[in-house]
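Source file: data15.csv; contents: CSV, C-alpha atoms.
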chain,number,residue,atom,x,y,z
E,1142,MET,CA,19.5,24.2,178.2
E,1143,THR,CA,19.0,23.1,174.6
E,1144,LEU,CA,15.8,23.3,172.6
E,1145,PHE,CA,15.2,19.6,173.0
E,1146,ASP,CA,15.6,19.8,176.8
E,1147,SER,CA,12.9,22.6,177.1
E,1148,PRO,CA,9.9,21.4,179.1
E,1149,ALA,CA,7.8,23.0,176.4
E,1150,PHE,CA,9.3,21.0,173.5
E,1151,GLU,CA,7.1,18.0,174.0
E,1152,ALA,CA,8.1,16.1,170.8
E,1153,HIS,CA,7.6,18.9,168.3
E,1154,GLU,CA,8.1,17.8,164.7
E,1155,GLU,CA,9.7,21.1,163.6
E,1156,VAL,CA,10.9,24.4,165.0
E,1157,HIS,CA,12.1,27.1,162.6
E,1158,ALA,CA,13.8,30.5,163.2
E,1159,PHE,CA,13.5,33.1,160.4
E,1160,HIS,CA,15.4,36.4,160.2
E,1161,ASP,CA,15.1,39.0,157.4
E,1162,ALA,CA,17.6,41.8,157.9
E,1163,LYS,CA,16.1,44.1,155.4
E,1164,SER,CA,12.6,44.2,157.1
E,1165,GLY,CA,13.8,43.4,160.6
E,1166,LEU,CA,11.6,40.3,160.8
E,1167,LYS,CA,12.5,37.9,163.6
E,1168,CYS,CA,10.1,35.0,163.7
E,1169,LEU,CA,9.7,31.5,165.1
E,1170,ILE,CA,7.4,28.9,163.6
E,1171,ALA,CA,6.8,25.8,165.7
E,1172,VAL,CA,5.0,22.8,164.2
E,1173,HIS,CA,3.9,20.4,167.0
E,1174,SER,CA,2.0,17.8,165.0
E,1175,THR,CA,0.8,17.1,161.5
E,1176,ALA,CA,-0.8,13.7,162.4
E,1177,LEU,CA,-4.3,15.0,161.7
E,1178,GLY,CA,-3.4,17.3,158.8
E,1179,PRO,CA,-1.2,20.3,158.0
E,1180,SER,CA,-0.4,22.3,161.1
E,1181,ALA,CA,-2.4,25.5,161.5
E,1182,GLY,CA,-2.4,28.3,164.1
E,1183,GLY,CA,-2.3,32.0,164.5
E,1184,CYS,CA,0.7,34.3,164.2
E,1185,ARG,CA,1.2,36.7,167.1
E,1186,MET,CA,3.4,39.7,167.4
E,1187,TRP,CA,4.7,40.5,170.9
E,1188,ASP,CA,7.5,42.4,172.4
E,1189,TYR,CA,9.0,39.4,174.3
E,1190,PRO,CA,11.6,40.2,177.0
E,1191,THR,CA,13.9,37.5,175.6
E,1192,ALA,CA,14.2,35.2,172.6
E,1193,GLU,CA,13.8,32.3,175.1
E,1194,ASP,CA,10.5,33.7,176.2
E,1195,ALA,CA,9.4,33.8,172.6
E,1196,LEU,CA,10.5,30.3,172.0
E,1197,THR,CA,8.7,29.0,175.0
E,1198,ASP,CA,5.5,30.8,174.0
E,1199,ALA,CA,5.7,29.4,170.4
E,1200,LEU,CA,6.2,25.9,171.7
E,1201,ARG,CA,3.4,26.0,174.2
E,1202,LEU,CA,1.0,27.6,171.8
E,1203,SER,CA,1.8,25.1,169.0
E,1204,ARG,CA,1.1,22.2,171.3
E,1205,ALA,CA,-2.1,23.8,172.4
E,1206,MET,CA,-3.1,24.1,168.8
E,1207,SER,CA,-2.6,20.4,168.2
E,1208,TYR,CA,-4.9,19.7,171.1
E,1209,LYS,CA,-7.4,22.4,170.1
E,1210,ASN,CA,-7.7,21.2,166.5
E,1211,ALA,CA,-8.0,17.6,167.7
E,1212,MET,CA,-10.9,18.5,170.1
E,1213,ALA,CA,-12.5,20.6,167.4
E,1214,ASP,CA,-12.6,17.5,165.1
E,1215,ILE,CA,-10.9,19.2,162.2
E,1216,ALA,CA,-8.3,17.9,159.8
E,1217,LEU,CA,-5.5,20.1,161.0
E,1218,GLY,CA,-2.5,19.6,163.2
E,1219,GLY,CA,-1.0,22.2,165.5
E,1220,GLY,CA,1.4,25.0,164.7
E,1221,LYS,CA,2.1,28.6,165.8
E,1222,ALA,CA,4.2,31.5,164.6
E,1223,VAL,CA,5.5,34.4,166.8
E,1224,ILE,CA,7.1,37.6,165.6
E,1225,LEU,CA,9.4,39.3,168.1
E,1226,GLY,CA,8.6,43.0,168.1
E,1227,ASP,CA,6.2,45.7,169.3
E,1228,SER,CA,3.0,45.5,167.2
E,1229,ARG,CA,2.3,49.1,168.0
E,1230,THR,CA,5.5,50.5,166.5
E,1231,ALA,CA,7.3,47.8,164.4
E,1232,LYS,CA,4.8,46.8,161.8
E,1233,THR,CA,5.6,47.4,158.1
E,1234,PRO,CA,4.4,45.8,154.9
E,1235,ALA,CA,7.9,44.6,154.3
E,1236,LEU,CA,7.9,42.7,157.6
E,1237,PHE,CA,4.8,40.8,156.7
E,1238,GLU,CA,5.9,40.1,153.2
E,1239,ALA,CA,9.0,38.5,154.8
E,1240,LEU,CA,6.7,36.5,157.0
E,1241,GLY,CA,4.9,35.3,153.9
E,1242,ARG,CA,8.1,34.1,152.4
E,1243,ALA,CA,8.9,32.2,155.6
E,1244,VAL,CA,5.5,30.5,155.7
E,1245,GLU,CA,5.8,29.6,152.0
E,1246,SER,CA,9.2,28.0,152.6
E,1247,LEU,CA,7.4,25.3,154.7
E,1248,SER,CA,5.5,24.1,151.7
E,1249,GLY,CA,2.1,23.9,153.3
E,1250,ARG,CA,3.1,22.2,156.5
E,1251,TYR,CA,2.0,25.3,158.4
E,1252,TRP,CA,-1.0,27.6,157.7
E,1253,ALA,CA,-1.0,31.0,159.4
E,1254,ALA,CA,-3.9,33.2,160.6
E,1255,GLU,CA,-4.2,36.2,162.8
E,1256,ASP,CA,-3.5,36.2,166.5
E,1257,VAL,CA,-2.5,38.8,169.2
E,1258,GLY,CA,-1.0,41.9,167.7
E,1259,ILE,CA,-1.9,40.9,164.1
E,1260,SER,CA,-4.8,41.8,161.9
E,1261,PRO,CA,-6.1,40.3,158.7
E,1262,SER,CA,-4.9,43.4,156.9
E,1263,ASP,CA,-1.4,42.7,158.1
E,1264,LEU,CA,-1.6,39.2,156.8
E,1265,ALA,CA,-2.8,40.4,153.4
E,1266,TYR,CA,0.9,41.4,152.8
E,1267,ALA,CA,2.1,38.0,153.8
E,1268,HIS,CA,-0.5,36.5,151.4
E,1269,LYS,CA,1.4,38.2,148.5
E,1270,HIS,CA,4.2,35.6,149.0
E,1271,SER,CA,2.3,32.6,150.4
E,1272,ARG,CA,-0.9,30.8,149.6
E,1273,TYR,CA,-0.8,29.3,153.1
E,1274,ILE,CA,-2.4,32.3,154.8
E,1275,ALA,CA,-6.0,32.1,156.0
E,1276,GLY,CA,-8.5,34.3,157.7
E,1277,LEU,CA,-8.5,36.9,154.8
E,1278,ASP,CA,-11.2,38.7,152.8
E,1279,GLY,CA,-11.6,39.2,149.1
E,1280,HIS,CA,-12.0,35.7,147.6
E,1281,PRO,CA,-14.8,33.1,147.5
E,1282,ALA,CA,-13.2,30.8,150.1
E,1283,ALA,CA,-12.5,33.7,152.4
E,1284,SER,CA,-13.5,33.3,156.1
E,1285,GLY,CA,-12.6,36.7,157.2
E,1286,ASP,CA,-11.6,37.7,160.8
E,1287,PRO,CA,-11.9,34.5,163.0
E,1288,SER,CA,-12.2,36.5,166.2
E,1289,PRO,CA,-16.0,36.8,166.2
E,1290,VAL,CA,-16.3,33.0,165.8
E,1291,THR,CA,-13.9,32.4,168.6
E,1292,ALA,CA,-15.9,34.8,170.7
E,1293,ASP,CA,-19.1,33.0,169.7
E,1294,GLY,CA,-17.8,29.6,170.9
E,1295,VAL,CA,-16.6,31.1,174.2
E,1296,PHE,CA,-20.0,32.7,174.7
E,1297,ARG,CA,-21.7,29.4,174.1
E,1298,GLY,CA,-19.2,27.7,176.5
E,1299,ILE,CA,-19.8,30.2,179.2
E,1300,ARG,CA,-23.6,29.9,178.9
E,1301,LEU,CA,-23.2,26.1,179.2
E,1302,CYS,CA,-21.0,26.4,182.3
E,1303,VAL,CA,-23.4,28.9,183.9
E,1304,ARG,CA,-26.3,26.6,183.3
E,1305,ARG,CA,-24.4,23.7,184.9
E,1306,ALA,CA,-22.6,25.4,187.8
E,1307,LEU,CA,-25.1,28.1,188.7
E,1308,GLU,CA,-28.3,26.5,187.3
E,1309,ARG,CA,-29.4,29.8,185.7
E,1310,GLU,CA,-29.2,31.7,182.4
E,1311,LEU,CA,-26.8,34.6,181.7
E,1312,ASP,CA,-29.2,37.4,182.5
E,1313,GLY,CA,-27.9,39.1,185.6
E,1314,VAL,CA,-24.7,37.0,185.8
E,1315,THR,CA,-21.5,39.0,186.4
E,1316,VAL,CA,-18.6,38.1,184.1
E,1317,ALA,CA,-15.1,39.5,184.6
E,1318,ILE,CA,-13.3,39.7,181.3
E,1319,GLN,CA,-9.5,40.0,181.3
E,1320,GLY,CA,-8.6,41.6,177.9
E,1321,VAL,CA,-11.0,43.2,175.5
E,1322,GLY,CA,-9.0,43.0,172.3
E,1323,HIS,CA,-10.2,41.1,169.2
E,1324,VAL,CA,-12.0,38.2,171.0
E,1325,GLY,CA,-12.7,39.9,174.4
E,1326,ALA,CA,-14.5,42.8,172.8
E,1327,TYR,CA,-16.8,40.6,170.7
E,1328,LEU,CA,-17.4,38.4,173.8
E,1329,ALA,CA,-18.4,41.4,175.8
E,1330,ASP,CA,-20.9,42.4,173.2
E,1331,ARG,CA,-22.5,39.0,173.2
E,1332,LEU,CA,-22.6,38.7,176.9
E,1333,HIS,CA,-24.1,42.2,177.2
E,1334,ALA,CA,-26.8,41.3,174.7
E,1335,ALA,CA,-27.7,38.3,176.8
E,1336,GLY,CA,-28.1,40.4,179.9
E,1337,ALA,CA,-24.8,39.7,181.7
E,1338,LYS,CA,-23.1,42.4,183.8
E,1339,LEU,CA,-19.5,43.0,182.9
E,1340,VAL,CA,-16.3,43.9,184.7
E,1341,ILE,CA,-13.4,44.4,182.2
E,1342,CYS,CA,-9.8,45.4,182.0
E,1343,ASP,CA,-7.2,45.8,179.3
E,1344,VAL,CA,-3.7,47.2,179.0
E,1345,ASN,CA,-5.1,49.4,176.3
E,1346,ALA,CA,-7.2,51.9,178.3
E,1347,GLU,CA,-8.8,53.2,175.1
E,1348,ALA,CA,-10.0,49.8,174.0
E,1349,ALA,CA,-11.5,49.2,177.5
E,1350,ALA,CA,-13.3,52.6,177.4
E,1351,GLU,CA,-14.8,51.8,174.0
E,1352,VAL,CA,-16.2,48.5,175.2
E,1353,ALA,CA,-17.5,50.0,178.4
E,1354,ALA,CA,-19.3,52.8,176.5
E,1355,ARG,CA,-21.4,50.4,174.6
E,1356,THR,CA,-21.9,47.6,177.2
E,1357,GLY,CA,-22.0,49.5,180.5
E,1358,ALA,CA,-19.1,47.5,181.8
E,1359,LYS,CA,-17.2,48.5,184.9
E,1360,VAL,CA,-13.5,49.1,184.0
E,1361,VAL,CA,-10.8,48.1,186.5
E,1362,ALA,CA,-7.1,48.2,186.4
E,1363,PRO,CA,-5.5,45.1,184.8
E,1364,GLY,CA,-4.2,43.8,188.1
E,1365,ALA,CA,-7.5,44.3,189.9
E,1366,ILE,CA,-9.5,42.0,187.6
E,1367,PHE,CA,-8.5,39.0,189.7
E,1368,ASP,CA,-10.3,40.6,192.7
E,1369,ALA,CA,-13.5,41.4,191.0
E,1370,GLU,CA,-16.8,40.2,192.5
E,1371,ALA,CA,-18.0,38.0,189.6
E,1372,ASP,CA,-19.6,34.7,188.8
E,1373,VAL,CA,-17.4,34.0,185.8
E,1374,PHE,CA,-13.8,34.8,185.1
E,1375,ALA,CA,-13.1,35.0,181.4
E,1376,PRO,CA,-9.3,35.3,180.6
E,1377,CYS,CA,-9.0,36.7,177.1
E,1378,ALA,CA,-5.5,38.1,177.1
E,1379,LEU,CA,-2.1,36.3,177.2
E,1380,GLY,CA,-1.5,32.9,178.8
E,1381,GLY,CA,-0.7,32.0,182.4
E,1382,ALA,CA,-3.5,34.1,183.9
E,1383,ILE,CA,-4.4,31.3,186.4
E,1384,ASN,CA,-1.3,30.9,188.6
E,1385,ALA,CA,-0.3,30.4,192.3
E,1386,GLU,CA,-0.6,34.2,192.9
E,1387,THR,CA,-3.9,34.9,191.1
E,1388,LEU,CA,-5.9,31.7,192.0
E,1389,PRO,CA,-6.4,32.5,195.7
E,1390,ARG,CA,-7.8,36.0,194.7
E,1391,LEU,CA,-10.4,34.7,192.3
E,1392,LYS,CA,-14.0,34.7,193.6
E,1393,PRO,CA,-15.9,33.3,190.5
E,1394,ARG,CA,-17.1,29.7,190.5
E,1395,ILE,CA,-16.4,29.4,186.8
E,1396,ILE,CA,-13.3,30.1,184.6
E,1397,ALA,CA,-14.1,30.2,180.9
E,1398,GLY,CA,-12.4,32.4,178.4
E,1399,GLY,CA,-10.7,32.9,175.1
E,1400,ALA,CA,-7.0,33.0,176.0
E,1401,ASN,CA,-4.7,30.2,175.2
E,1402,ASN,CA,-2.7,28.4,178.0
E,1403,GLN,CA,-4.7,29.9,180.8
E,1404,LEU,CA,-3.3,27.5,183.4
E,1405,ALA,CA,0.3,28.5,184.3
E,1406,THR,CA,1.1,24.8,185.2
E,1407,PRO,CA,-0.9,21.5,185.3
E,1408,GLU,CA,-0.7,21.7,189.1
E,1409,ILE,CA,-2.7,24.9,189.0
E,1410,GLY,CA,-5.4,23.0,187.1
E,1411,ARG,CA,-5.6,20.5,189.9
E,1412,ALA,CA,-5.8,23.4,192.5
E,1413,VAL,CA,-8.7,24.9,190.5
E,1414,PHE,CA,-10.5,21.5,190.6
E,1415,ASP,CA,-9.8,21.2,194.4
E,1416,ASP,CA,-11.2,24.6,195.0
E,1417,GLY,CA,-14.5,23.6,193.4
E,1418,ILE,CA,-14.2,26.0,190.4
E,1419,LEU,CA,-15.6,24.8,187.1
E,1420,TYR,CA,-12.9,25.3,184.5
E,1421,ALA,CA,-13.7,25.1,180.8
E,1422,PRO,CA,-10.4,23.9,179.2
E,1423,ASP,CA,-9.2,26.8,177.0
E,1424,TYR,CA,-8.4,24.8,173.9
E,1425,VAL,CA,-11.8,23.3,173.9
E,1426,ILE,CA,-13.9,26.4,174.4
E,1427,ASN,CA,-11.9,28.8,172.2
E,1428,GLY,CA,-11.7,26.6,169.1
E,1429,GLY,CA,-14.2,28.6,167.1
E,1430,GLY,CA,-11.7,30.7,165.3
E,1431,ILE,CA,-9.6,27.9,164.1
E,1432,ILE,CA,-12.7,26.1,163.0
E,1433,ASN,CA,-13.5,29.2,160.9
E,1434,VAL,CA,-10.0,29.1,159.5
E,1435,ALA,CA,-10.4,25.4,158.8
E,1436,GLY,CA,-13.5,26.2,156.8
E,1437,GLU,CA,-11.4,28.5,154.6
E,1438,ILE,CA,-8.6,26.0,154.1
E,1439,ARG,CA,-11.2,23.3,153.3
E,1440,ALA,CA,-12.8,25.6,150.7
E,1441,LEU,CA,-9.5,26.4,149.1
E,1442,ASP,CA,-8.5,22.8,148.9
E,1443,ARG,CA,-11.8,21.9,147.2
E,1444,ASN,CA,-11.9,25.1,145.1
E,1445,GLU,CA,-15.3,26.0,146.6
E,1446,GLY,CA,-16.8,28.9,148.3
E,1447,PHE,CA,-16.7,29.3,152.1
E,1448,ASP,CA,-19.5,27.3,153.8
E,1449,PRO,CA,-20.8,28.9,157.0
E,1450,ALA,CA,-23.1,26.0,157.7
E,1451,TRP,CA,-20.0,23.6,157.9
E,1452,VAL,CA,-18.4,26.0,160.5
E,1453,GLU,CA,-21.6,26.2,162.5
E,1454,SER,CA,-21.9,22.4,162.7
E,1455,LYS,CA,-18.3,22.2,163.9
E,1456,VAL,CA,-18.8,24.9,166.6
E,1457,ALA,CA,-22.0,23.2,167.8
E,1458,ARG,CA,-20.1,19.9,168.0
E,1459,MET,CA,-17.3,21.7,169.9
E,1460,ILE,CA,-19.7,22.7,172.6
E,1461,GLU,CA,-21.0,19.1,172.8
E,1462,THR,CA,-17.4,18.0,173.3
E,1463,LEU,CA,-17.0,20.5,176.1
E,1464,GLU,CA,-20.1,19.0,177.7
E,1465,GLU,CA,-18.6,15.6,177.4
E,1466,VAL,CA,-15.4,16.8,179.1
E,1467,LEU,CA,-17.5,18.3,182.0
E,1468,ASP,CA,-19.5,15.1,182.4
E,1469,ARG,CA,-16.4,12.9,182.5
E,1470,ALA,CA,-14.7,15.2,185.0
E,1471,ILE,CA,-17.6,14.6,187.3
E,1472,SER,CA,-17.9,10.9,186.7
E,1473,GLU,CA,-14.1,10.3,187.0
E,1474,SER,CA,-13.5,13.0,189.8
E,1475,ARG,CA,-10.6,14.4,187.7
E,1476,PRO,CA,-9.8,18.0,186.6
E,1477,THR,CA,-11.3,19.0,183.3
E,1478,HIS,CA,-7.9,19.9,181.8
E,1479,GLU,CA,-6.7,16.3,182.5
E,1480,ILE,CA,-9.8,14.9,180.8
E,1481,ALA,CA,-9.4,17.1,177.8
E,1482,ASN,CA,-5.7,16.3,177.5
E,1483,ARG,CA,-6.4,12.6,177.5
E,1484,ILE,CA,-9.0,12.9,174.8
E,1485,ALA,CA,-6.9,15.1,172.6
E,1486,GLN,CA,-3.8,12.9,173.0
E,1487,GLY,CA,-5.8,9.8,172.1
E,1488,ARG,CA,-7.1,11.4,168.9
E,1489,ILE,CA,-3.6,12.5,167.8
E,1490,ALA,CA,-2.1,9.1,168.7
E,1491,ALA,CA,-4.8,7.3,166.7
E,1492,ALA,CA,-4.1,9.5,163.7
E,1493,GLU,CA,-0.3,8.9,164.0
E,1494,ALA,CA,-0.9,5.1,164.1
E,1495,ALA,CA,-3.2,5.3,161.1
E,1496,ARG,CA,-0.6,7.1,159.0
E,1497,GLY,CA,2.1,4.7,160.1

Here is a file; write its structure as structure tokens.
Amino acid sequence: MTLFDSPAFEAHEEVHAFHDAKSGLKCLIAVHSTALGPSAGGCRMWDYPTAEDALTDALRLSRAMSYKNAMADIALGGGKAVILGDSRTAKTPALFEALGRAVESLSGRYWAAEDVGISPSDLAYAHKHSRYIAGLDGHPAASGDPSPVTADGVFRGIRLCVRRALERELDGVTVAIQGVGHVGAYLADRLHAAGAKLVICDVNAEAAAEVAARTGAKVVAPGAIFDAEADVFAPCALGGAINAETLPRLKPRIIAGGANNQLATPEIGRAVFDDGILYAPDYVINGGGIINVAGEIRALDRNEGFDPAWVESKVARMIETLEEVLDRAISESRPTHEIANRIAQGRIAAAEAARG
């Protein structure tokens, strides 16, 4: 099967493979669309079983970023970078400097930020060789770590879904969080402060223990999170959490989390809808981080300081968009992911038509 035959290709504009023998960098950068503006999306580092797995992940994540940015109403297209390697053992300054050179070679068609396995401190090395790195500290336009803003948007989305599906506030609601890394940990703190009860898991037992110590969360094994007695399931780890094996085990009436590509297949989204579960489309609810990054890119382009008020207005609008998706799903009797896809595709198509 060639790249163009891959089900995940979906009319990508560009796909690049970079290898730097000296540092050991093996990286893929996928640019799905630049119709709305230069592509932007996080760079993740993961020990993929095969290069094909890495490519599929990059393609799916890149397309999701196109949709996410369209739904967030920001002037960015969709792109994604993945580094093949174990983030616990293979990180070096030289590797990220090589990443910076790779990003710079695309001449601004892709902006990178942090994602799974990557921190802003890692990307500081990439920034030595490319201006197209966002989510950093130390300059007037800096937005910093986007994870807290992602978590804030997810928190607001969960609160909206709880109000609609359960007709109550978060106090006393049980939320099962799969993954308490960057976003999941911040989300746990926000939910705990709002009075929610938490069940959490993470492949990093130490990270789970730290979150539990400050929130009183119950820690379960990663595989057991799908059996948790909860009102809300919040996937905040890797994609594909909702699949044919896990969906029958889920007890919550709401699925709303920070992970990308939560639905293993579109058919699973239909099954979620048929089961009467309210699903907040991932790329709608988790757009806070890229909005934060967009605020930095906007400030850099204008040679201005970072404007938190602009970011707040976009995050608030994102939750209004989520509510519109939920309303249309009811009025049209269609799954929420289908509604969101249609809106995002329409916005991208309109931008493509406008640029000729």

Computed gap from CA of Lys1209 (chain E) to CA of Leu1419 (chain E) is 19.0 Å

Provide the CA of Ala1265 (chain E) to CA of Gly1285 (chain E) distance in Å, to one decimal place.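 Interatomic distance, CA of Ala1265 (chain E) to CA of Gly1285 (chain E): 11.1 Å.
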
Best match for closeness to Arg1439 (chain E) among E:Gln1486, E:Ser1228, E:Ser1284, E:Ser1271, counting all atoms listed in the file: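 The closest residue to Arg1439 (chain E) is E:Ser1284.
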
For the point (-5.1, 31.5, 190.8) in file coordinates, what residues are within 9 Å, counting all atoms listed in the file? Give the answer as a tab-separated table (two decimals) with C-alpha atoms, in the frame of the given file?
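Writing the result to selection-v3.tsv gives the following:
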chain	number	residue	atom	x	y	z
E	1367	PHE	CA	-8.50	39.00	189.70
E	1382	ALA	CA	-3.50	34.10	183.90
E	1383	ILE	CA	-4.40	31.30	186.40
E	1384	ASN	CA	-1.30	30.90	188.60
E	1385	ALA	CA	-0.30	30.40	192.30
E	1386	GLU	CA	-0.60	34.20	192.90
E	1387	THR	CA	-3.90	34.90	191.10
E	1388	LEU	CA	-5.90	31.70	192.00
E	1389	PRO	CA	-6.40	32.50	195.70
E	1390	ARG	CA	-7.80	36.00	194.70
E	1391	LEU	CA	-10.40	34.70	192.30
E	1404	LEU	CA	-3.30	27.50	183.40
E	1405	ALA	CA	0.30	28.50	184.30
E	1409	ILE	CA	-2.70	24.90	189.00
E	1412	ALA	CA	-5.80	23.40	192.50
E	1413	VAL	CA	-8.70	24.90	190.50

Distance of CA of Val1257 (chain E) from CA of Arg1394 (chain E), expressed in Å to one decimal place: 27.4 Å
